[in-house]
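Everything below concerns the one structure shown next.
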Amino acid sequence: MSWLKALPLLLWLAALSLVGWVLSQLPLTAIVQSITKLSLGQWLAWIALNLGIILLATERWRVLIDMLNVPVRFGELLMIRQAGQTVSFITPGPQFGGEPLQIYWLCKRNRLPIHGALLALGLDRFYELWINFTVLLLSVRLLLASSGTAVVDWQNISLALLLILLTLSLFGWLILKQPGRVSGWLKRVTGYWQHHPRLQQIETHWQRLGSDVKFVMAEQKPALSRAFVLSIVGWTGLIVELWLMLSFFDLELDGYAFLVILVAMRLAFLLPLPGGLGTLEAAMFWAFGYLSLSPAAAMGLIALMRLRDALVLVAGLWCLRVLHLQK
């Protein structure tokens with residue numbers, strides 16, 4: 001148990017050490033100059049695109065909650081989402097950690113049944129992860145089919161992503177098509193703690209969750225389709241944002257070079273360090289070096305991405321404080 005408690009601290013120390021090493025190699029003055037050269041129109045386009053991506057993700061969650069006939073205001077969901085994202089950002093691991101708080105706020109503030117909150121959030125995260133790994137897998141397969149890829153073992157990366165995607169798909173199929181099997185597995189896993197007052201109703205909640213799943217699959221297929229389309233549009237927005245940021249630094253990239261940068265960036269966020277601290281910076285410098293691109297452009301790109309993270313983090317902390325004061 002002591003090792004489990006120490007693990008988050010060790011991961012934070014590793015992340016900060018890696019960031020410190022990266023920053024020590026960077027000419028910070030040159031980075032600031034590259035950012036300040038951006039025009040007002042470029043800043044506005046970049047900010048608007050990021051706001052659009054956030055609003056699309058919130059709208060997807062709202063669609064999934066509305067399926068259960070328990071409407072929640074869009075502004076409320078936006079605040080809960082951003083607060084949870086902030087907790088996930090500072091939690092060691094690949095962008096998880098804020099989900100329990102999001103479920104708590106949905107149930108406490110909006111009277112959403114716990115099984116409904118679990119289903120809506122679970123579907124939202126499933127869409128996000130499934131699309132994420134699908135895009136990554138397709139990108140890696142395209143890189144594998146391209147010439148000049150001997151430096152990177154895209155084959156093994158592709159197999160790992162395929163395994164993750166198949167596991168996610170199997171899990172989703174079990175939840176949607178075989179809830180009884182999952183219920184039995186859950187009952188066996190939690191059998192030792194069944195006497196605990198907080199877990200005594202877990203079977204009831206799971207039965208209600210199973211009923212909700214059947215209802216959604218039978219009656220809410222159009223809403224599920226809308227959520228899927230919103231996921232695709234949101235991921236398209238992420239790709240456009242990367243293209244936009246690269247264009248700020250006058251980089252004329254072919255499809256192969258763009259995919260290398262995209263895959264390196266997204267894989268860096270999957271490593272178990274909070275917010276991809278250090279791993280993102282290292283991945284960008286590797287990708288730009290691999291493609292023989294300007295290190296100054298890599299520095300500018302990193303600075304923009306971290307500025308975006310800082311702004312989102314500050315907004316999320318404000319949402320976290322508001323939710324705490326209003327509980």
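The way I read the labels, and the way they are meant: chains A, B, ... in the order of the structure tokens, residue 1 as the first residue of every chain, and ligand 1 as the first ligand shown, with later ones counted on from there.
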Identify, on the basis of only C-alpha atoms, every residue whose closest approach to region 76-86 of chain A does not exceed 10 Å; exclude the query and any residue fewer than 3 positions from it along the same chain; express the result as an mmCIF file with all heavy atoms, in the first residue's frame.
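What ended up in part05.cif:
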```cif
data_model
loop_
_atom_site.group_PDB
_atom_site.id
_atom_site.type_symbol
_atom_site.label_atom_id
_atom_site.label_comp_id
_atom_site.auth_asym_id
_atom_site.auth_seq_id
_atom_site.Cartn_x
_atom_site.Cartn_y
_atom_site.Cartn_z
ATOM 1 N N ILE A 54 -14.064 22.299 -27.095
ATOM 2 C CA ILE A 54 -14.589 22.105 -25.738
ATOM 3 C C ILE A 54 -16.112 22.058 -25.755
ATOM 4 O O ILE A 54 -16.736 21.200 -25.105
ATOM 5 C CB ILE A 54 -14.087 23.232 -24.813
ATOM 6 C CG1 ILE A 54 -12.582 23.102 -24.595
ATOM 7 C CG2 ILE A 54 -14.823 23.203 -23.477
ATOM 8 C CD1 ILE A 54 -11.960 24.263 -23.838
ATOM 9 N N LEU A 55 -16.733 22.953 -26.504
ATOM 10 C CA LEU A 55 -18.194 22.996 -26.563
ATOM 11 C C LEU A 55 -18.755 21.745 -27.240
ATOM 12 O O LEU A 55 -19.814 21.239 -26.832
ATOM 13 C CB LEU A 55 -18.645 24.254 -27.309
ATOM 14 C CG LEU A 55 -18.325 25.584 -26.614
ATOM 15 C CD1 LEU A 55 -18.752 26.759 -27.489
ATOM 16 C CD2 LEU A 55 -18.988 25.674 -25.247
ATOM 17 N N ALA A 57 -17.417 18.716 -27.151
ATOM 18 C CA ALA A 57 -17.323 17.625 -26.180
ATOM 19 C C ALA A 57 -18.423 17.734 -25.127
ATOM 20 O O ALA A 57 -19.011 16.723 -24.709
ATOM 21 C CB ALA A 57 -15.945 17.646 -25.512
ATOM 22 N N THR A 58 -18.732 18.956 -24.700
ATOM 23 C CA THR A 58 -19.804 19.156 -23.725
ATOM 24 C C THR A 58 -21.156 18.819 -24.322
ATOM 25 O O THR A 58 -22.008 18.215 -23.662
ATOM 26 C CB THR A 58 -19.796 20.610 -23.225
ATOM 27 O OG1 THR A 58 -18.493 20.941 -22.729
ATOM 28 C CG2 THR A 58 -20.802 20.807 -22.108
ATOM 29 N N GLU A 59 -21.365 19.200 -25.584
ATOM 30 C CA GLU A 59 -22.626 18.891 -26.260
ATOM 31 C C GLU A 59 -22.819 17.386 -26.407
ATOM 32 O O GLU A 59 -23.935 16.870 -26.262
ATOM 33 C CB GLU A 59 -22.660 19.581 -27.616
ATOM 34 C CG GLU A 59 -23.862 19.234 -28.486
ATOM 35 C CD GLU A 59 -25.193 19.640 -27.889
ATOM 36 O OE1 GLU A 59 -25.210 20.418 -26.919
ATOM 37 O OE2 GLU A 59 -26.226 19.171 -28.390
ATOM 38 N N TRP A 61 -21.752 15.109 -24.358
ATOM 39 C CA TRP A 61 -22.149 14.641 -23.028
ATOM 40 C C TRP A 61 -23.605 15.003 -22.747
ATOM 41 O O TRP A 61 -24.358 14.207 -22.191
ATOM 42 C CB TRP A 61 -21.225 15.263 -21.983
ATOM 43 C CG TRP A 61 -21.219 14.550 -20.666
ATOM 44 C CD1 TRP A 61 -21.716 13.303 -20.409
ATOM 45 C CD2 TRP A 61 -20.709 15.030 -19.428
ATOM 46 N NE1 TRP A 61 -21.542 12.983 -19.087
ATOM 47 C CE2 TRP A 61 -20.921 14.028 -18.466
ATOM 48 C CE3 TRP A 61 -20.073 16.215 -19.055
ATOM 49 C CZ2 TRP A 61 -20.528 14.182 -17.134
ATOM 50 C CZ3 TRP A 61 -19.679 16.364 -17.729
ATOM 51 C CH2 TRP A 61 -19.908 15.361 -16.781
ATOM 52 N N ARG A 62 -24.029 16.200 -23.148
ATOM 53 C CA ARG A 62 -25.419 16.612 -22.934
ATOM 54 C C ARG A 62 -26.379 15.704 -23.700
ATOM 55 O O ARG A 62 -27.435 15.323 -23.173
ATOM 56 C CB ARG A 62 -25.599 18.067 -23.379
ATOM 57 C CG ARG A 62 -26.964 18.650 -23.021
ATOM 58 C CD ARG A 62 -27.256 19.898 -23.831
ATOM 59 N NE ARG A 62 -27.365 19.590 -25.260
ATOM 60 C CZ ARG A 62 -28.452 19.059 -25.818
ATOM 61 N NH1 ARG A 62 -29.510 18.746 -25.077
ATOM 62 N NH2 ARG A 62 -28.483 18.811 -27.118
ATOM 63 N N ILE A 65 -26.727 12.477 -21.802
ATOM 64 C CA ILE A 65 -27.519 12.616 -20.575
ATOM 65 C C ILE A 65 -28.992 12.795 -20.907
ATOM 66 O O ILE A 65 -29.876 12.240 -20.230
ATOM 67 C CB ILE A 65 -26.991 13.792 -19.725
ATOM 68 C CG1 ILE A 65 -25.620 13.435 -19.141
ATOM 69 C CG2 ILE A 65 -27.954 14.128 -18.589
ATOM 70 C CD1 ILE A 65 -24.966 14.558 -18.365
ATOM 71 N N VAL A 72 -29.944 18.277 -18.153
ATOM 72 C CA VAL A 72 -29.047 19.104 -17.360
ATOM 73 C C VAL A 72 -28.654 20.296 -18.224
ATOM 74 O O VAL A 72 -28.378 20.142 -19.412
ATOM 75 C CB VAL A 72 -27.791 18.314 -16.917
ATOM 76 C CG1 VAL A 72 -26.871 19.200 -16.065
ATOM 77 C CG2 VAL A 72 -28.187 17.068 -16.132
ATOM 78 N N ARG A 73 -28.628 21.483 -17.615
ATOM 79 C CA ARG A 73 -28.286 22.683 -18.380
ATOM 80 C C ARG A 73 -26.880 22.579 -18.981
ATOM 81 O O ARG A 73 -25.966 22.061 -18.354
ATOM 82 C CB ARG A 73 -28.374 23.914 -17.484
ATOM 83 C CG ARG A 73 -29.803 24.273 -17.063
ATOM 84 C CD ARG A 73 -29.852 25.538 -16.225
ATOM 85 N NE ARG A 73 -29.167 25.342 -14.957
ATOM 86 C CZ ARG A 73 -28.024 25.931 -14.623
ATOM 87 N NH1 ARG A 73 -27.419 26.740 -15.487
ATOM 88 N NH2 ARG A 73 -27.482 25.723 -13.445
ATOM 89 N N PHE A 89 -6.152 16.232 -15.351
ATOM 90 C CA PHE A 89 -4.883 16.755 -15.844
ATOM 91 C C PHE A 89 -3.786 16.631 -14.793
ATOM 92 O O PHE A 89 -2.641 16.289 -15.111
ATOM 93 C CB PHE A 89 -5.047 18.213 -16.263
ATOM 94 C CG PHE A 89 -3.822 18.801 -16.917
ATOM 95 C CD1 PHE A 89 -3.651 18.719 -18.285
ATOM 96 C CD2 PHE A 89 -2.840 19.426 -16.159
ATOM 97 C CE1 PHE A 89 -2.520 19.247 -18.895
ATOM 98 C CE2 PHE A 89 -1.705 19.958 -16.756
ATOM 99 C CZ PHE A 89 -1.541 19.870 -18.127
ATOM 100 N N ILE A 90 -4.126 16.908 -13.544
ATOM 101 C CA ILE A 90 -3.107 16.888 -12.486
ATOM 102 C C ILE A 90 -2.966 15.514 -11.844
ATOM 103 O O ILE A 90 -2.121 15.323 -10.964
ATOM 104 C CB ILE A 90 -3.416 17.936 -11.405
ATOM 105 C CG1 ILE A 90 -4.742 17.619 -10.696
ATOM 106 C CG2 ILE A 90 -3.455 19.339 -12.000
ATOM 107 C CD1 ILE A 90 -5.085 18.564 -9.566
ATOM 108 N N THR A 91 -3.794 14.553 -12.277
ATOM 109 C CA THR A 91 -3.706 13.197 -11.736
ATOM 110 C C THR A 91 -2.735 12.382 -12.583
ATOM 111 O O THR A 91 -2.889 12.320 -13.801
ATOM 112 C CB THR A 91 -5.087 12.506 -11.749
ATOM 113 O OG1 THR A 91 -6.001 13.282 -10.972
ATOM 114 C CG2 THR A 91 -4.991 11.102 -11.161
ATOM 115 N N GLN A 95 -4.839 10.884 -18.553
ATOM 116 C CA GLN A 95 -6.037 11.721 -18.643
ATOM 117 C C GLN A 95 -7.263 11.126 -17.963
ATOM 118 O O GLN A 95 -8.384 11.234 -18.458
ATOM 119 C CB GLN A 95 -6.344 12.019 -20.114
ATOM 120 C CG GLN A 95 -5.186 12.641 -20.866
ATOM 121 C CD GLN A 95 -4.765 13.984 -20.304
ATOM 122 O OE1 GLN A 95 -5.565 14.896 -20.253
ATOM 123 N NE2 GLN A 95 -3.521 14.113 -19.873
ATOM 124 N N PHE A 96 -7.071 10.496 -16.812
ATOM 125 C CA PHE A 96 -8.179 10.024 -16.003
ATOM 126 C C PHE A 96 -8.007 10.550 -14.587
ATOM 127 O O PHE A 96 -6.904 10.930 -14.182
ATOM 128 C CB PHE A 96 -8.239 8.491 -15.972
ATOM 129 C CG PHE A 96 -8.786 7.880 -17.230
ATOM 130 C CD1 PHE A 96 -7.934 7.430 -18.222
ATOM 131 C CD2 PHE A 96 -10.150 7.771 -17.426
ATOM 132 C CE1 PHE A 96 -8.427 6.867 -19.383
ATOM 133 C CE2 PHE A 96 -10.660 7.204 -18.584
ATOM 134 C CZ PHE A 96 -9.794 6.759 -19.561
ATOM 135 N N GLY A 97 -9.088 10.536 -13.805
ATOM 136 C CA GLY A 97 -8.997 10.934 -12.407
ATOM 137 C C GLY A 97 -10.157 11.790 -11.946
ATOM 138 O O GLY A 97 -10.540 11.757 -10.769
ATOM 139 N N GLY A 98 -10.753 12.569 -12.841
ATOM 140 C CA GLY A 98 -11.832 13.461 -12.446
ATOM 141 C C GLY A 98 -13.219 12.865 -12.562
ATOM 142 O O GLY A 98 -14.205 13.501 -12.159
ATOM 143 N N GLU A 99 -13.312 11.638 -13.066
ATOM 144 C CA GLU A 99 -14.634 11.033 -13.296
ATOM 145 C C GLU A 99 -15.466 10.846 -12.024
ATOM 146 O O GLU A 99 -16.676 11.132 -12.041
ATOM 147 C CB GLU A 99 -14.473 9.697 -14.025
ATOM 148 C CG GLU A 99 -14.029 9.814 -15.461
ATOM 149 C CD GLU A 99 -12.543 10.088 -15.614
ATOM 150 O OE1 GLU A 99 -11.824 9.960 -14.595
ATOM 151 O OE2 GLU A 99 -12.105 10.426 -16.722
ATOM 152 N N PRO A 100 -14.893 10.359 -10.906
ATOM 153 C CA PRO A 100 -15.719 10.224 -9.691
ATOM 154 C C PRO A 100 -16.345 11.549 -9.250
ATOM 155 O O PRO A 100 -17.508 11.576 -8.822
ATOM 156 C CB PRO A 100 -14.722 9.694 -8.648
ATOM 157 C CG PRO A 100 -13.689 8.981 -9.452
ATOM 158 C CD PRO A 100 -13.550 9.793 -10.711
ATOM 159 N N LEU A 101 -15.594 12.640 -9.349
ATOM 160 C CA LEU A 101 -16.141 13.939 -8.985
ATOM 161 C C LEU A 101 -17.245 14.365 -9.952
ATOM 162 O O LEU A 101 -18.254 14.944 -9.537
ATOM 163 C CB LEU A 101 -15.035 14.994 -8.975
ATOM 164 C CG LEU A 101 -14.152 15.036 -7.721
ATOM 165 C CD1 LEU A 101 -13.020 16.040 -7.913
ATOM 166 C CD2 LEU A 101 -14.965 15.397 -6.492
ATOM 167 N N GLN A 102 -17.083 14.071 -11.234
ATOM 168 C CA GLN A 102 -18.115 14.423 -12.199
ATOM 169 C C GLN A 102 -19.411 13.665 -11.906
ATOM 170 O O GLN A 102 -20.503 14.237 -11.989
ATOM 171 C CB GLN A 102 -17.616 14.123 -13.617
ATOM 172 C CG GLN A 102 -16.523 15.069 -14.077
ATOM 173 C CD GLN A 102 -15.946 14.687 -15.427
ATOM 174 O OE1 GLN A 102 -15.835 13.513 -15.752
ATOM 175 N NE2 GLN A 102 -15.559 15.677 -16.218
ATOM 176 N N ILE A 103 -19.298 12.394 -11.558
ATOM 177 C CA ILE A 103 -20.487 11.617 -11.187
ATOM 178 C C ILE A 103 -21.116 12.183 -9.921
ATOM 179 O O ILE A 103 -22.344 12.316 -9.812
ATOM 180 C CB ILE A 103 -20.106 10.137 -10.995
ATOM 181 C CG1 ILE A 103 -19.726 9.515 -12.349
ATOM 182 C CG2 ILE A 103 -21.250 9.358 -10.358
ATOM 183 C CD1 ILE A 103 -19.177 8.112 -12.246
ATOM 184 N N TYR A 104 -20.276 12.542 -8.950
ATOM 185 C CA TYR A 104 -20.783 13.115 -7.689
ATOM 186 C C TYR A 104 -21.563 14.396 -7.958
ATOM 187 O O TYR A 104 -22.660 14.593 -7.437
ATOM 188 C CB TYR A 104 -19.615 13.381 -6.740
ATOM 189 C CG TYR A 104 -19.986 14.201 -5.532
ATOM 190 C CD1 TYR A 104 -20.654 13.631 -4.450
ATOM 191 C CD2 TYR A 104 -19.688 15.563 -5.483
ATOM 192 C CE1 TYR A 104 -21.005 14.389 -3.346
ATOM 193 C CE2 TYR A 104 -20.028 16.328 -4.385
ATOM 194 C CZ TYR A 104 -20.687 15.740 -3.319
ATOM 195 O OH TYR A 104 -21.030 16.494 -2.218
ATOM 196 N N TRP A 105 -20.994 15.288 -8.785
ATOM 197 C CA TRP A 105 -21.668 16.557 -9.054
ATOM 198 C C TRP A 105 -22.957 16.349 -9.833
ATOM 199 O O TRP A 105 -23.948 17.041 -9.594
ATOM 200 C CB TRP A 105 -20.731 17.485 -9.823
ATOM 201 C CG TRP A 105 -19.609 18.030 -8.998
ATOM 202 C CD1 TRP A 105 -19.681 18.456 -7.704
ATOM 203 C CD2 TRP A 105 -18.250 18.185 -9.399
ATOM 204 N NE1 TRP A 105 -18.440 18.873 -7.272
ATOM 205 C CE2 TRP A 105 -17.542 18.725 -8.284
ATOM 206 C CE3 TRP A 105 -17.550 17.942 -10.567
ATOM 207 C CZ2 TRP A 105 -16.186 19.013 -8.338
ATOM 208 C CZ3 TRP A 105 -16.202 18.225 -10.622
ATOM 209 C CH2 TRP A 105 -15.532 18.762 -9.516
ATOM 210 N N LEU A 106 -22.968 15.420 -10.774
ATOM 211 C CA LEU A 106 -24.202 15.150 -11.518
ATOM 212 C C LEU A 106 -25.307 14.661 -10.591
ATOM 213 O O LEU A 106 -26.468 15.054 -10.734
ATOM 214 C CB LEU A 106 -23.933 14.110 -12.609
ATOM 215 C CG LEU A 106 -23.222 14.583 -13.872
ATOM 216 C CD1 LEU A 106 -22.919 13.409 -14.779
ATOM 217 C CD2 LEU A 106 -24.051 15.628 -14.612
ATOM 218 N N ARG A 109 -25.907 17.728 -7.570
ATOM 219 C CA ARG A 109 -26.418 19.027 -7.999
ATOM 220 C C ARG A 109 -27.608 18.922 -8.950
ATOM 221 O O ARG A 109 -28.426 19.837 -9.024
ATOM 222 C CB ARG A 109 -25.305 19.819 -8.681
ATOM 223 C CG ARG A 109 -24.160 20.212 -7.763
ATOM 224 C CD ARG A 109 -22.986 20.765 -8.567
ATOM 225 N NE ARG A 109 -23.362 21.917 -9.359
ATOM 226 C CZ ARG A 109 -23.325 23.176 -8.931
ATOM 227 N NH1 ARG A 109 -22.932 23.432 -7.692
ATOM 228 N NH2 ARG A 109 -23.671 24.183 -9.723
ATOM 229 N N ASN A 110 -27.695 17.819 -9.673
ATOM 230 C CA ASN A 110 -28.717 17.708 -10.721
ATOM 231 C C ASN A 110 -29.663 16.531 -10.516
ATOM 232 O O ASN A 110 -30.463 16.224 -11.396
ATOM 233 C CB ASN A 110 -28.043 17.584 -12.090
ATOM 234 C CG ASN A 110 -27.179 18.793 -12.409
ATOM 235 O OD1 ASN A 110 -27.670 19.826 -12.831
ATOM 236 N ND2 ASN A 110 -25.874 18.665 -12.207
ATOM 237 N N GLY A 275 -0.746 15.213 -17.324
ATOM 238 C CA GLY A 275 -0.798 16.186 -18.400
ATOM 239 C C GLY A 275 0.242 16.006 -19.481
ATOM 240 O O GLY A 275 0.496 16.929 -20.264
ATOM 241 N N ASP A 309 -2.976 24.582 -22.423
ATOM 242 C CA ASP A 309 -3.196 23.762 -21.228
ATOM 243 C C ASP A 309 -3.325 24.631 -19.982
ATOM 244 O O ASP A 309 -4.163 24.372 -19.111
ATOM 245 C CB ASP A 309 -2.049 22.766 -21.047
ATOM 246 C CG ASP A 309 -2.030 21.694 -22.135
ATOM 247 O OD1 ASP A 309 -3.069 21.505 -22.785
ATOM 248 O OD2 ASP A 309 -0.976 21.067 -22.314
ATOM 249 N N VAL A 312 -6.744 26.410 -19.972
ATOM 250 C CA VAL A 312 -7.812 25.453 -19.646
ATOM 251 C C VAL A 312 -7.735 25.048 -18.179
ATOM 252 O O VAL A 312 -8.762 24.902 -17.499
ATOM 253 C CB VAL A 312 -7.718 24.222 -20.568
ATOM 254 C CG1 VAL A 312 -8.686 23.133 -20.107
ATOM 255 C CG2 VAL A 312 -8.016 24.604 -22.015
ATOM 256 N N LEU A 313 -6.518 24.901 -17.661
ATOM 257 C CA LEU A 313 -6.334 24.522 -16.267
ATOM 258 C C LEU A 313 -6.837 25.617 -15.330
ATOM 259 O O LEU A 313 -7.518 25.329 -14.336
ATOM 260 C CB LEU A 313 -4.857 24.235 -15.999
ATOM 261 C CG LEU A 313 -4.499 23.624 -14.639
ATOM 262 C CD1 LEU A 313 -5.175 22.274 -14.461
ATOM 263 C CD2 LEU A 313 -2.985 23.486 -14.498
ATOM 264 N N VAL A 314 -6.531 26.865 -15.641
ATOM 265 C CA VAL A 314 -7.006 27.978 -14.807
ATOM 266 C C VAL A 314 -8.527 28.046 -14.832
ATOM 267 O O VAL A 314 -9.178 28.217 -13.785
ATOM 268 C CB VAL A 314 -6.391 29.312 -15.297
ATOM 269 C CG1 VAL A 314 -7.078 30.496 -14.622
ATOM 270 C CG2 VAL A 314 -4.896 29.342 -14.998
ATOM 271 N N ALA A 315 -9.123 27.901 -16.028
ATOM 272 C CA ALA A 315 -10.584 27.909 -16.134
ATOM 273 C C ALA A 315 -11.191 26.746 -15.346
ATOM 274 O O ALA A 315 -12.218 26.898 -14.664
ATOM 275 C CB ALA A 315 -11.006 27.837 -17.594
ATOM 276 N N GLY A 316 -10.555 25.583 -15.412
ATOM 277 C CA GLY A 316 -11.054 24.423 -14.680
ATOM 278 C C GLY A 316 -10.951 24.603 -13.181
ATOM 279 O O GLY A 316 -11.842 24.172 -12.427
ATOM 280 N N LEU A 317 -9.874 25.217 -12.725
ATOM 281 C CA LEU A 317 -9.728 25.486 -11.287
ATOM 282 C C LEU A 317 -10.817 26.443 -10.806
ATOM 283 O O LEU A 317 -11.332 26.291 -9.690
ATOM 284 C CB LEU A 317 -8.340 26.053 -10.996
ATOM 285 C CG LEU A 317 -7.181 25.065 -11.116
ATOM 286 C CD1 LEU A 317 -5.842 25.785 -10.988
ATOM 287 C CD2 LEU A 317 -7.286 23.962 -10.054
ATOM 288 N N TRP A 318 -11.149 27.429 -11.643
ATOM 289 C CA TRP A 318 -12.243 28.339 -11.281
ATOM 290 C C TRP A 318 -13.565 27.573 -11.196
ATOM 291 O O TRP A 318 -14.351 27.763 -10.257
ATOM 292 C CB TRP A 318 -12.342 29.461 -12.315
ATOM 293 C CG TRP A 318 -13.467 30.402 -12.036
ATOM 294 C CD1 TRP A 318 -13.490 31.441 -11.145
ATOM 295 C CD2 TRP A 318 -14.780 30.366 -12.641
ATOM 296 N NE1 TRP A 318 -14.718 32.063 -11.166
ATOM 297 C CE2 TRP A 318 -15.528 31.425 -12.070
ATOM 298 C CE3 TRP A 318 -15.372 29.562 -13.612
ATOM 299 C CZ2 TRP A 318 -16.840 31.686 -12.441
ATOM 300 C CZ3 TRP A 318 -16.678 29.811 -13.978
ATOM 301 C CH2 TRP A 318 -17.397 30.865 -13.399
ATOM 302 N N CYS A 319 -13.822 26.687 -12.165
ATOM 303 C CA CYS A 319 -15.039 25.866 -12.123
ATOM 304 C C CYS A 319 -15.051 24.980 -10.883
ATOM 305 O O CYS A 319 -16.101 24.804 -10.232
ATOM 306 C CB CYS A 319 -15.124 25.000 -13.383
ATOM 307 S SG CYS A 319 -15.385 25.915 -14.916
ATOM 308 N N LEU A 320 -13.875 24.424 -10.555
ATOM 309 C CA LEU A 320 -13.769 23.563 -9.377
ATOM 310 C C LEU A 320 -14.126 24.332 -8.113
ATOM 311 O O LEU A 320 -14.836 23.838 -7.235
ATOM 312 C CB LEU A 320 -12.354 23.000 -9.291
ATOM 313 C CG LEU A 320 -12.092 21.821 -8.374
ATOM 314 C CD1 LEU A 320 -12.916 20.609 -8.788
ATOM 315 C CD2 LEU A 320 -10.598 21.468 -8.397
ATOM 316 N N ARG A 321 -13.657 25.559 -8.022
ATOM 317 C CA ARG A 321 -13.942 26.381 -6.845
ATOM 318 C C ARG A 321 -15.426 26.731 -6.771
ATOM 319 O O ARG A 321 -16.035 26.657 -5.701
ATOM 320 C CB ARG A 321 -13.105 27.663 -6.892
ATOM 321 C CG ARG A 321 -13.402 28.625 -5.737
ATOM 322 C CD ARG A 321 -12.448 29.786 -5.721
ATOM 323 N NE ARG A 321 -12.816 30.762 -4.704
ATOM 324 C CZ ARG A 321 -12.606 30.630 -3.401
ATOM 325 N NH1 ARG A 321 -12.019 29.535 -2.954
ATOM 326 N NH2 ARG A 321 -12.974 31.552 -2.558
ATOM 327 N N VAL A 322 -16.021 27.098 -7.911
ATOM 328 C CA VAL A 322 -17.448 27.432 -7.923
ATOM 329 C C VAL A 322 -18.293 26.236 -7.495
ATOM 330 O O VAL A 322 -19.214 26.358 -6.688
ATOM 331 C CB VAL A 322 -17.864 27.926 -9.323
ATOM 332 C CG1 VAL A 322 -19.397 28.066 -9.407
ATOM 333 C CG2 VAL A 322 -17.200 29.249 -9.635
ATOM 334 N N LEU A 323 -17.985 25.064 -8.033
ATOM 335 C CA LEU A 323 -18.736 23.860 -7.669
ATOM 336 C C LEU A 323 -18.570 23.533 -6.196
ATOM 337 O O LEU A 323 -19.514 23.074 -5.545
ATOM 338 C CB LEU A 323 -18.257 22.683 -8.538
ATOM 339 C CG LEU A 323 -18.643 22.744 -10.012
ATOM 340 C CD1 LEU A 323 -17.908 21.670 -10.805
ATOM 341 C CD2 LEU A 323 -20.138 22.585 -10.199
#
```
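Going from CA of Ile302 (chain A) to CA of Arg141 (chain A) covers 25.6 Å.
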Residues of region 199-314 of chain A that have any atom at most 10 Å from an atom of region 119-134 of chain A: could you tabulate them with the shortest-distance atom pair and the distance in Å to one decimal, using only C-alpha atoms, ordered by chain and increasing number, as a Markdown table?
```
| residue | atom | partner | partner_atom | distance |
| --- | --- | --- | --- | --- |
| A:Leu209 | CA | A:Leu119 | CA | 6.9 |
| A:Gly210 | CA | A:Leu119 | CA | 9.3 |
| A:Asp212 | CA | A:Leu119 | CA | 7.8 |
| A:Val213 | CA | A:Leu119 | CA | 7.6 |
| A:Val216 | CA | A:Leu119 | CA | 9.8 |
| A:Leu224 | CA | A:Leu123 | CA | 9.1 |
| A:Ala227 | CA | A:Tyr127 | CA | 7.9 |
| A:Phe228 | CA | A:Tyr127 | CA | 6.8 |
| A:Val229 | CA | A:Tyr127 | CA | 10.0 |
| A:Leu230 | CA | A:Tyr127 | CA | 9.6 |
| A:Ser231 | CA | A:Glu128 | CA | 6.7 |
| A:Ile232 | CA | A:Ile131 | CA | 7.2 |
| A:Gly234 | CA | A:Glu128 | CA | 9.3 |
| A:Trp235 | CA | A:Asn132 | CA | 7.7 |
| A:Arg266 | CA | A:Asn132 | CA | 8.5 |
| A:Leu267 | CA | A:Phe133 | CA | 9.8 |
```
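Closest to Val135 (chain A) among A:Lys214, A:Asp254, A:Phe248, A:Leu161 is A:Leu161, based on only C-alpha atoms.
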What does the distance from CA of Pro113 (chain A) to CA of Gln220 (chain A) come to in Å, to one decimal?
18.2 Å
Figure out the distance between CA of Leu277 (chain A) and CA of Leu159 (chain A), please, to one decimal in Å.
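Pair CA of Leu159 (chain A) / CA of Leu277 (chain A) returns 25.7 Å.
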Would you list the contacts of Leu301 (chain A) as a list of chain:residue names, taking every protein, DNA or RNA residue within 8 Å and counting only C-alpha atoms, but skipping same-chain residues closer than 3 positions in sequence?
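Once the nearby chain positions are removed, what remains is A:Met245, A:Leu246, A:Ala297, A:Ala298, A:Leu304, A:Met305.
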Here is a test: counting only C-alpha atoms, which residue of A:Ala48, A:Val263, A:Ala296, A:Ala283 is nearest to Asp250 (chain A)?
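Among the listed residues, A:Ala296 lies closest to Asp250 (chain A).
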Using backbone DSSP assignments, extract all alpha helix (DSSP H) residues from region 260-298 of chain A; output them as number ranges by chain.
A: 260-270, 279-290, 295-298
Have a look at A:Thr36, A:Ser169, A:Leu56, A:Ala223 and name the one nearest to Phe74 (chain A); count only C-alpha atoms.
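The shortest atom-to-atom distance to Phe74 (chain A) comes from A:Leu56.
Residues in contact with Glu252 (chain A) at up to 12 Å, not including ones fewer than 5 positions away on its chain and judged by only C-alpha atoms, are Trp243, Leu244, Met245, Leu246, Ser247, Ala257, Phe258, Leu291, Leu293, Ser294 and Ala297 of chain A.
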